[in-house]
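**Student:** Here it is: the structure, laid out below.
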Amino acid sequence: MLEIRNLHASVGGNEILKGVDLTVAPGEVHAIMGPNGSGKSTLAQVLAGRESYEVTDGTVTFEGHDLLDLDPEDRARAGVFLAFQYPVEIPGVSNVYFLRAALNAVRKQRGQDELDPIDFLAYVREKLKVVDMDESFLQRSVNEGFSGGEKKRNEIFQMAVLDPKLAILDETDSGLDIDALKIVAGGVNAMRAKDRAIVVVTHYQRLLEYIVPDRVHVLADGRIVRSGDKSLALELEKKGYAWLEAGVAR
Amino acid sequence: MTRSAAESTRTPFASLLARPASSAPLWLGRLRRDARKAFDDQGLPAPGNEDWRQTNVQPLATIPFEPAPASPGADLDGHPLADLAPIRVVMANGRFVPKLSRLDALSAGVRVECLARTLAEAPQTIEVHLGRVAAWERHPFAALNTALFDGGVVVEIAPGTTAAAVHILHLTTRVERPVAVFPRVLVLAGAGSKATVVESFVSIGPEVTLTSAVTEIVVDENAQLDHVKVQAESDAAWHVATIAGRVAKDGRLASHNVSWGARLARNDIGAVLDGEGASCHLYGLYLADGTRHVDNHTWLDHAKPHCPSWEMYKGILSGSGKAVFNGRIVVREGAQKTDAKQSNKNLILSDGGVVYTRPQLEIYANDVRCTHGATIGRLDEAALFYLRSRGIPARQARDLLLHAFADDVLGKIPHEGARAAVGRVLFARLARGLEA
């Protein structure tokens, strides 16, 4: 589903990604772990199409298409979803209006009819349950005044509404207490499906107790330095990242 | 800042000033003479005039404006700004056009009539108000209007009356030569009344015109008045307007000022809070696209204690549009517990847009709270990316953010029909400018 080959990316002239290789198949959950500054969030943003990151080399293929050639909205409509580490507050735009615009843009791409406000409301009510959110959430401005936990739940809620093929969760566990973490993880697990791939980007092993990955990769200094199964996450928890970084530094 | 007419101009508006204006009753004659003198003394604001520093109206001196001819009006069917309220008064080139007006839905207790008729039949009902609220002594265009206004409208809401919204449509029709119109409106909101008055300024043709308008609003005790102004004149029009309010004890005035027309538009909008508990909201939204120049000078005169005021002016600039905002707040001696909040936010969508923004606070009381803030910025890139990352196309994402920006002002327009129509026309205009 997703093929990343030798991906290099820079921001403001600094090379952050220095040759990332990654293959993700449908139905799989991959975890990308790594210390701060290793390029985890850059990778997530590059996949979503953030323009301030410059891809200098390499390829990303999503379901056979050149992902890097697509605008951010076209990536979303092709089925890529990024749950932001820092969801953006948009005062004056209600969640419900925003989501309907987004869903209809995605549906249009899939050749489906746009949903009218009534059908849309029925549809999103179901999805609210996934993350245990109250309906009043819909009328609030996008992320404005939301607590950290509410913002992260809103990301997972959006993911449930848009029903992507590939979901990338960027530090979705950061800033969450254990109850919120369980809700968010429950939402993600409910989305696991054999035709959907999920990439979980995280610093800590904690989230992976709730979202159990098929594969774990360690990103350090812009490269994937080790891959393994879920036991790799436990090993990292015990040993920290230093033993891997030491290897990278040569 | 006074200067003689000879010093600052080449006898502007000669043919307008040569025409005698009606001078009965006696007090009106006196008012006109004084106003004429005030105009002659002030002249057309020169570049050195502090209140007009960023706004050059000197070119007006070279345009041979003539009085606007009488007009039967125009076909208003389908015009997007023709139906902003159930009651409609159409003034074409400054004159009342009965056949285009719709007065049958007028609420009991509401008087809407031609100023000329009021002056002929019951001048004593307006003598203490007309020319007493707007400070024409210090504003050359308000003085000019006071000296020369011909047609005009009086809206009077009886005490305790809740009135249906009244729309005054100021229309400039096709003309062969440059013309000037001097619309005059007087709104009297009786004690405990509640009403909305909408004024729209619309050009039918693309010709060079000057609109120099004055609206005076008297809000009595406990009355609530919403005034909406929509300025959508042609790209060749010059538009200068004064809207002045006086608010009595516990009265509330809200001004909604939306502007996207004219080559140059200047508004002087404000109110005296003249009784304890009086309040005022000033909302403004301006679009300066192309080579347009929009200048909003607002003022709030806190004359009595315990009065709150809120002011929010927002601007969207594109092309090489230029916007000026000057927000003056005066807190008089003894006006303790004044609570005044002022905000001016500007969104610049092009490299050529320019904004001059300035708060001007004069505080003569010691127990007050006055806050002000101004921002000038571009569309939030992070927000745009966030919206696009959810599948929303770039242009739609931009429009969503622009709507959200404008909605803080547009959303406050109390009459839904007016709110929707104004939003539609404004955003169509904005989109045209951005895609051009």
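By convention in this document, the chains of the structure tokens carry letters A, B, ... by their order, each chain's residues are numbered from 1, and ligands are numbered from 1 in the order they are shown.
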Could you find all residues in region 245-410 of chain B that DSSP calls alpha helix (DSSP H) from the backbone, and write them as a VMD selection string?

**Tutor:** chain B and resid 381 to 388 394 to 410

**Student:** List the spatial neighbours of Arg174 (chain B) as a PyMOL selection string - criterion: any atom at most 9 Å away, only C-alpha atoms, same-chain residues fewer than 4 positions off excluded.

**Tutor:** chain B and resi 74+203-207

**Student:** Give me, as a list of chain:residue names, all polymer residues having an atom no more than 9 Å from Phe149 (chain B), counting only C-alpha atoms and skipping those fewer than 4 positions away in the same chain.

**Tutor:**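 These residues fall inside the cut-off: B:Ala21, B:Ser22, B:Gly94, B:Leu144, B:Asn145, B:Val181, B:Phe182, B:Pro183, B:Arg184, B:Ala213.
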
**Student:** I need the chain B residues near chain A as a list of chain:residue names; criterion: at most 6 Å, counting only C-alpha atoms.

**Tutor:**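 Only these qualify: B:Ala383, B:Arg388, B:Ser389, B:Arg390, B:Gly391, B:Ile392, B:Pro393, B:Ala404.
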
**Student:** Residues as selected, N, CA and C atoms, written as an mmCIF file, in the first residue's frame, can you do that?

**Tutor:**
data_model
loop_
_atom_site.group_PDB
_atom_site.id
_atom_site.type_symbol
_atom_site.label_atom_id
_atom_site.label_comp_id
_atom_site.auth_asym_id
_atom_site.auth_seq_id
_atom_site.Cartn_x
_atom_site.Cartn_y
_atom_site.Cartn_z
ATOM 1 N N ALA B 383 -3.345 26.568 9.405
ATOM 2 C CA ALA B 383 -4.778 26.256 9.304
ATOM 3 C C ALA B 383 -5.131 25.811 7.890
ATOM 4 N N ARG B 388 -6.651 21.436 4.211
ATOM 5 C CA ARG B 388 -6.341 20.705 2.975
ATOM 6 C C ARG B 388 -6.009 19.246 3.270
ATOM 7 N N SER B 389 -5.359 19.013 4.419
ATOM 8 C CA SER B 389 -4.987 17.633 4.751
ATOM 9 C C SER B 389 -6.219 16.773 5.027
ATOM 10 N N ARG B 390 -7.383 17.424 5.139
ATOM 11 C CA ARG B 390 -8.629 16.667 5.312
ATOM 12 C C ARG B 390 -9.409 16.533 4.005
ATOM 13 N N GLY B 391 -8.764 16.973 2.908
ATOM 14 C CA GLY B 391 -9.395 16.789 1.605
ATOM 15 C C GLY B 391 -10.072 18.036 1.057
ATOM 16 N N ILE B 392 -10.045 19.120 1.803
ATOM 17 C CA ILE B 392 -10.715 20.345 1.356
ATOM 18 C C ILE B 392 -9.785 21.078 0.386
ATOM 19 N N PRO B 393 -10.261 21.351 -0.837
ATOM 20 C CA PRO B 393 -9.402 21.986 -1.838
ATOM 21 C C PRO B 393 -8.881 23.351 -1.363
ATOM 22 N N ALA B 404 -14.759 32.726 8.119
ATOM 23 C CA ALA B 404 -14.636 32.710 9.579
ATOM 24 C C ALA B 404 -14.147 34.067 10.079
#

**Student:** Restricting the calculation to only C-alpha atoms, which member of A:Val218, A:Ile224, A:Val96, A:Ala31 is positioned closest to Tyr241 (chain A)?

**Tutor:**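 Of the candidates, the smallest distance to Tyr241 (chain A) is held by A:Val218.
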
**Student:** Find the residues around Thr125 (chain B) up to 12 Å (only C-alpha atoms counted), leave out those fewer than 6 positions away in its own chain, and share them as a list of chain:residue names.

**Tutor:**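 Near neighbours after the sequence-gap exclusion: B:Arg111, B:Leu115, B:Arg117, B:Thr118, B:Leu119, B:Val154, B:Val155, B:Glu156, B:Leu186, B:Val187, B:Leu188.
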
**Student:** Which residues, written as a list in words, have at least one atom at most 9 Å from Thr56 (chain A), with only C-alpha atoms counted and residues fewer than 2 positions away on the same chain left out?

**Tutor:**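 The residues satisfying every condition are Leu7, His8, Ala9, Ser10, Glu15, Glu54 and Gly58 of chain A.
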
**Student:** Figure out the distance between CA of Lys314 (chain B) and CA of Phe405 (chain B), please, to one decimal in Å.

**Tutor:**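 Those two atoms sit 8.0 Å apart.
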
**Student:** Residues within 6 Å of Val355 (chain B), please, as number ranges by chain. Count only C-alpha atoms; anything in the same chain fewer than 2 positions from it doesn't count.

**Tutor:** B: 322-324

**Student:** Between A:Asn154, A:Asn36, A:Gln112, A:Ser136, single out the one closest to Ala242 (chain A), counting only C-alpha atoms.

**Tutor:**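 For Ala242 (chain A), the nearest of the candidates is A:Asn36.
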